[in-house]
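The structure appears right after this line, and notes come after that.
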Amino acid sequence: MPSGAPPSVPPTPATVPGASTSRGVKIASYLLMAAALLLVMVYGLLPGLLCVCLGFLLTRWIAFHFAWLRRRFPRKPGHVGVGHGLAVAIVMLLPLLLIGVGVSHSRSYIIEAPRQYTELLAYLAHTILELKEKLPSEIAAQLPEGTAEIQRTIAYYLGTKAGTLAMAGRVWLAGLLYAYVGLLIGALAAVRHSSPTRGPLSQQLTKRVYFFGDAFRQIVTAQFWIASFNTVLTAIFLLGILPIWDLELPYTPALIMLTFFAGLIPIVGNLLCNVVITLVGISVSPTAAAACLLFLVLIHKAEYVINAKVVGTRTHMGVWELLAVMFVAEAIFGPAGLVAAPLFYAYLKKELEAARLV
């Protein structure tokens, strides 16, 4: 370049050949991703989608820990390596083994789960209607006027949900099938051979999927360990500590399962578990209710802070944002919206941050 010549300036998008085409491809990838996520919610495929992501990450994690196999048995061109093949086999066969063991030993906990929760909801409705009789007289006397009407409204709502859940047996089994198929798809996708020559739309869709997978990894993996920790503590409390005092809550297996699955939902899930376990404790005795309440205060109170810190810090989301999107998603899609809202919103924020819009 001659001395004193102006520095070269990168051409503007308008002067770059194919710039408008690439912009159109990017917009098309956004629309396809949004349409796919909407179809997942409309047709009840959320368990499958979550398990696709879980199968993908789990296969990659297992294959990473079998790196010594890759060094000992190098992968041939066009073939799946020994380590990756073993990882796929584990992901495919382990759920079948767990379901087989569960059905043979705990059939009622898996196949008949909708019926258990139908009975639990009806039990809670009955408990709410008889709340004054269950509480100590000095506490019952402090309840404000109009409490009976509120009790009847809540009991009617729970009874309606119980009636809906009674017809959910086939949906529950279909959800298990979708979840397993999703695991298979995720496991196979984790070991697929990526083509060195991909079209622009494929490249853009890969970016969309990468951002979504990263959001899943950040939110769901953190919530999984939090929910698992909560479930272990709750099981110890219900099965080990309460029986020492000759106290035993009904529907204990259903309560433990509820603790895990509700714990996967940030903030709201813990609140739901707290209310349900306390109500079941009230139905047994005031002592059982006090013990449950003390346990929830000591253990679950910290979960609000943990959830906000872990999920919020990882995804740059505030608690008010999480609650707002969960409220809107639940109103539109029902309970599935509560589960999907944190994940979908985290993905949206990653896209906006990548585009430098937020």
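Order determines the names: the first chain of the structure tokens is A, the second B, and so forth; residues in each chain are numbered 1 upward, and ligands are numbered 1 upward as they are shown.
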Please report, as a PyMOL selection string, each residue of region 184-284 of chain A to which DSSP assigns helix (DSSP H, G or I) when run on this structure's backbone.
-> chain A and resi 184-190+200-245+252-263+268-284
Can you list every residue of region 201-275 of chain A that has an atom at most 12 Å from region 35-52 of chain A, with its nearest atom pair and the distance in Å to one decimal, using only C-alpha atoms, ordered by chain then number, as a Markdown table?
| residue | atom | partner | partner_atom | distance |
| --- | --- | --- | --- | --- |
| A:Leu205 | CA | A:Ala36 | CA | 11.5 |
| A:Arg208 | CA | A:Ala36 | CA | 11.4 |
| A:Val209 | CA | A:Ala36 | CA | 11.1 |
| A:Phe212 | CA | A:Leu37 | CA | 10.5 |
| A:Gly213 | CA | A:Val52 | CA | 9.7 |
| A:Ala215 | CA | A:Leu50 | CA | 11.5 |
| A:Phe216 | CA | A:Leu50 | CA | 8.1 |
| A:Arg217 | CA | A:Leu50 | CA | 10.5 |
| A:Ile219 | CA | A:Leu50 | CA | 11.6 |
| A:Val220 | CA | A:Leu50 | CA | 8.9 |
| A:Thr221 | CA | A:Leu50 | CA | 11.2 |
| A:Phe261 | CA | A:Pro47 | CA | 12.0 |
| A:Leu264 | CA | A:Leu50 | CA | 11.7 |
CA of Leu322 (chain A) sits from CA of Arg60 (chain A) at a separation of 29.0 Å
For Leu293 (chain A), list every protein, DNA or RNA residue within 12 Å, evaluated using only C-alpha atoms, and leave out those in the same chain fewer than 2 positions away; present the list as a list in words.
->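 The residues satisfying every condition are Phe237, Cys273, Asn274, Val275, Val276, Ile277, Thr278, Leu279, Val280, Gly281, Ile282, Pro286, Thr287, Ala288, Ala289, Ala290, Ala291, Phe295, Leu296, Val297, Leu298, Ile299, His300 and Lys301 of chain A.
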One-decimal distance in Å that lies between CA of Ala190 (chain A) and CA of Gly263 (chain A) | 27.2 Å
With only C-alpha atoms as the basis for distance, which of A:Leu96, A:Glu119, A:Ile236, A:Val328 is at the shortest distance from Leu176 (chain A)?
->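 Ranking A:Leu96, A:Glu119, A:Ile236, A:Val328 by distance to Leu176 (chain A), first place goes to A:Leu96.
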Interatomic distance between CA of Thr259 (chain A) and CA of Val91 (chain A)?
->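 Answer for the CA of Thr259 (chain A) to CA of Val91 (chain A) separation: 24.6 Å.
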If we count only C-alpha atoms and set the cut-off at 9 Å, which residues sit around Leu338 (chain A), ignoring sequence neighbours fewer than 3 positions away in its own chain? Please answer as a PDB file with N, CA and C atoms, in the first residue's frame.
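Wrote out.pdb, looks like this:
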ATOM      1  N   ILE A 265     -38.335 -27.559  38.043  1.00  0.00           N
ATOM      2  CA  ILE A 265     -38.883 -26.251  37.691  1.00  0.00           C
ATOM      3  C   ILE A 265     -38.327 -25.223  38.671  1.00  0.00           C
ATOM      4  N   PRO A 266     -37.569 -24.235  38.226  1.00  0.00           N
ATOM      5  CA  PRO A 266     -37.002 -23.262  39.152  1.00  0.00           C
ATOM      6  C   PRO A 266     -38.081 -22.510  39.935  1.00  0.00           C
ATOM      7  N   VAL A 268     -40.835 -22.083  41.323  1.00  0.00           N
ATOM      8  CA  VAL A 268     -42.226 -22.508  41.486  1.00  0.00           C
ATOM      9  C   VAL A 268     -42.308 -23.951  41.956  1.00  0.00           C
ATOM     10  N   GLY A 269     -41.402 -24.811  41.459  1.00  0.00           N
ATOM     11  CA  GLY A 269     -41.453 -26.215  41.836  1.00  0.00           C
ATOM     12  C   GLY A 269     -41.283 -26.423  43.323  1.00  0.00           C
ATOM     13  N   VAL A 325     -41.957 -15.108  32.742  1.00  0.00           N
ATOM     14  CA  VAL A 325     -42.083 -15.997  31.582  1.00  0.00           C
ATOM     15  C   VAL A 325     -42.752 -17.305  31.966  1.00  0.00           C
ATOM     16  N   MET A 326     -42.527 -17.787  33.187  1.00  0.00           N
ATOM     17  CA  MET A 326     -43.178 -19.016  33.627  1.00  0.00           C
ATOM     18  C   MET A 326     -44.677 -18.813  33.783  1.00  0.00           C
ATOM     19  N   PHE A 327     -45.068 -17.647  34.286  1.00  0.00           N
ATOM     20  CA  PHE A 327     -46.493 -17.350  34.446  1.00  0.00           C
ATOM     21  C   PHE A 327     -47.183 -17.306  33.086  1.00  0.00           C
ATOM     22  N   VAL A 328     -46.565 -16.622  32.128  1.00  0.00           N
ATOM     23  CA  VAL A 328     -47.166 -16.509  30.786  1.00  0.00           C
ATOM     24  C   VAL A 328     -47.200 -17.873  30.103  1.00  0.00           C
ATOM     25  N   ALA A 329     -46.101 -18.618  30.186  1.00  0.00           N
ATOM     26  CA  ALA A 329     -46.049 -19.922  29.518  1.00  0.00           C
ATOM     27  C   ALA A 329     -47.050 -20.901  30.128  1.00  0.00           C
ATOM     28  N   GLU A 330     -47.234 -20.855  31.439  1.00  0.00           N
ATOM     29  CA  GLU A 330     -48.207 -21.755  32.074  1.00  0.00           C
ATOM     30  C   GLU A 330     -49.615 -21.409  31.642  1.00  0.00           C
ATOM     31  N   PHE A 333     -49.630 -22.772  27.767  1.00  0.00           N
ATOM     32  CA  PHE A 333     -49.386 -24.188  27.485  1.00  0.00           C
ATOM     33  C   PHE A 333     -49.657 -25.109  28.668  1.00  0.00           C
ATOM     34  N   GLY A 334     -50.065 -24.573  29.809  1.00  0.00           N
ATOM     35  CA  GLY A 334     -50.329 -25.433  30.951  1.00  0.00           C
ATOM     36  C   GLY A 334     -49.049 -25.806  31.682  1.00  0.00           C
ATOM     37  N   PRO A 335     -49.072 -26.933  32.429  1.00  0.00           N
ATOM     38  CA  PRO A 335     -47.894 -27.331  33.208  1.00  0.00           C
ATOM     39  C   PRO A 335     -46.628 -27.483  32.369  1.00  0.00           C
ATOM     40  N   ALA A 341     -40.520 -22.911  29.962  1.00  0.00           N
ATOM     41  CA  ALA A 341     -40.282 -21.465  29.972  1.00  0.00           C
ATOM     42  C   ALA A 341     -38.842 -21.084  30.308  1.00  0.00           C
ATOM     43  N   PRO A 342     -38.240 -21.594  31.404  1.00  0.00           N
ATOM     44  CA  PRO A 342     -36.855 -21.190  31.693  1.00  0.00           C
ATOM     45  C   PRO A 342     -35.889 -21.568  30.579  1.00  0.00           C
TER      46      PRO A 342
END
Who sits within 12 Å of Leu188 (chain A), only C-alpha atoms, same chain under 2 positions skipped, as a list in words |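 Listing them by chain and then by number gives Val52, Cys53, Leu54, Gly55, Phe56, Leu57, Leu58, Thr59, Arg60, Val80, His84, Gly85, Leu86, Ala87, Val88, Ala89, Ile90, Val91, Met92, Val181, Gly182, Leu183, Leu184, Ile185, Gly186, Ala190, Val191, Arg192 and His193 of chain A.
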Env of Lys207 (chain A): 12 Å cut, atoms = only C-alpha atoms, seq-sep filter 3 positions within chain, self excluded. Answer as a compact mmCIF listing (two decimals) with N, CA and C atoms, in the first residue's frame.
# COMPACT_ATOMS: atom_id res chain seq x y z
N LYS A 26 -30.29 -16.57 7.54
CA LYS A 26 -30.30 -16.46 9.00
C LYS A 26 -31.73 -16.28 9.51
N SER A 29 -33.52 -19.50 9.36
CA SER A 29 -33.13 -20.41 10.44
C SER A 29 -33.84 -20.05 11.75
N TYR A 30 -33.99 -18.73 12.02
CA TYR A 30 -34.73 -18.31 13.21
C TYR A 30 -36.18 -18.78 13.14
N MET A 33 -36.48 -22.54 13.65
CA MET A 33 -36.27 -22.92 15.05
C MET A 33 -37.49 -22.56 15.89
N PRO A 200 -25.38 -23.03 3.64
CA PRO A 200 -25.52 -21.92 4.59
C PRO A 200 -26.67 -22.12 5.58
N LEU A 201 -27.79 -22.70 5.12
CA LEU A 201 -28.91 -22.92 6.03
C LEU A 201 -28.54 -23.95 7.10
N SER A 202 -27.84 -24.99 6.69
CA SER A 202 -27.40 -25.99 7.66
C SER A 202 -26.47 -25.39 8.70
N GLN A 203 -25.59 -24.50 8.26
CA GLN A 203 -24.68 -23.85 9.20
C GLN A 203 -25.43 -22.98 10.20
N GLN A 204 -26.41 -22.23 9.73
CA GLN A 204 -27.18 -21.36 10.62
C GLN A 204 -28.03 -22.18 11.59
N TYR A 210 -26.91 -25.18 18.61
CA TYR A 210 -25.83 -25.05 19.59
C TYR A 210 -26.25 -24.14 20.75
N PHE A 211 -26.85 -22.99 20.44
CA PHE A 211 -27.30 -22.08 21.50
C PHE A 211 -28.36 -22.76 22.37
N PHE A 212 -29.28 -23.49 21.74
CA PHE A 212 -30.32 -24.16 22.52
C PHE A 212 -29.70 -25.23 23.42
N GLY A 213 -28.78 -26.00 22.88
CA GLY A 213 -28.13 -27.02 23.69
C GLY A 213 -27.33 -26.43 24.84
N ASP A 214 -26.71 -25.29 24.61
CA ASP A 214 -25.95 -24.64 25.68
C ASP A 214 -26.89 -24.16 26.79
N TYR A 347 -32.62 -19.70 26.02
CA TYR A 347 -32.18 -19.79 24.62
C TYR A 347 -32.41 -18.47 23.90
N LYS A 350 -29.78 -16.00 24.78
CA LYS A 350 -28.49 -16.30 24.15
C LYS A 350 -28.47 -15.82 22.71
N GLU A 351 -29.59 -15.98 22.01
CA GLU A 351 -29.66 -15.49 20.64
C GLU A 351 -29.59 -13.97 20.61
N ALA A 354 -26.04 -12.93 21.36
CA ALA A 354 -25.16 -13.19 20.22
C ALA A 354 -25.33 -12.14 19.14
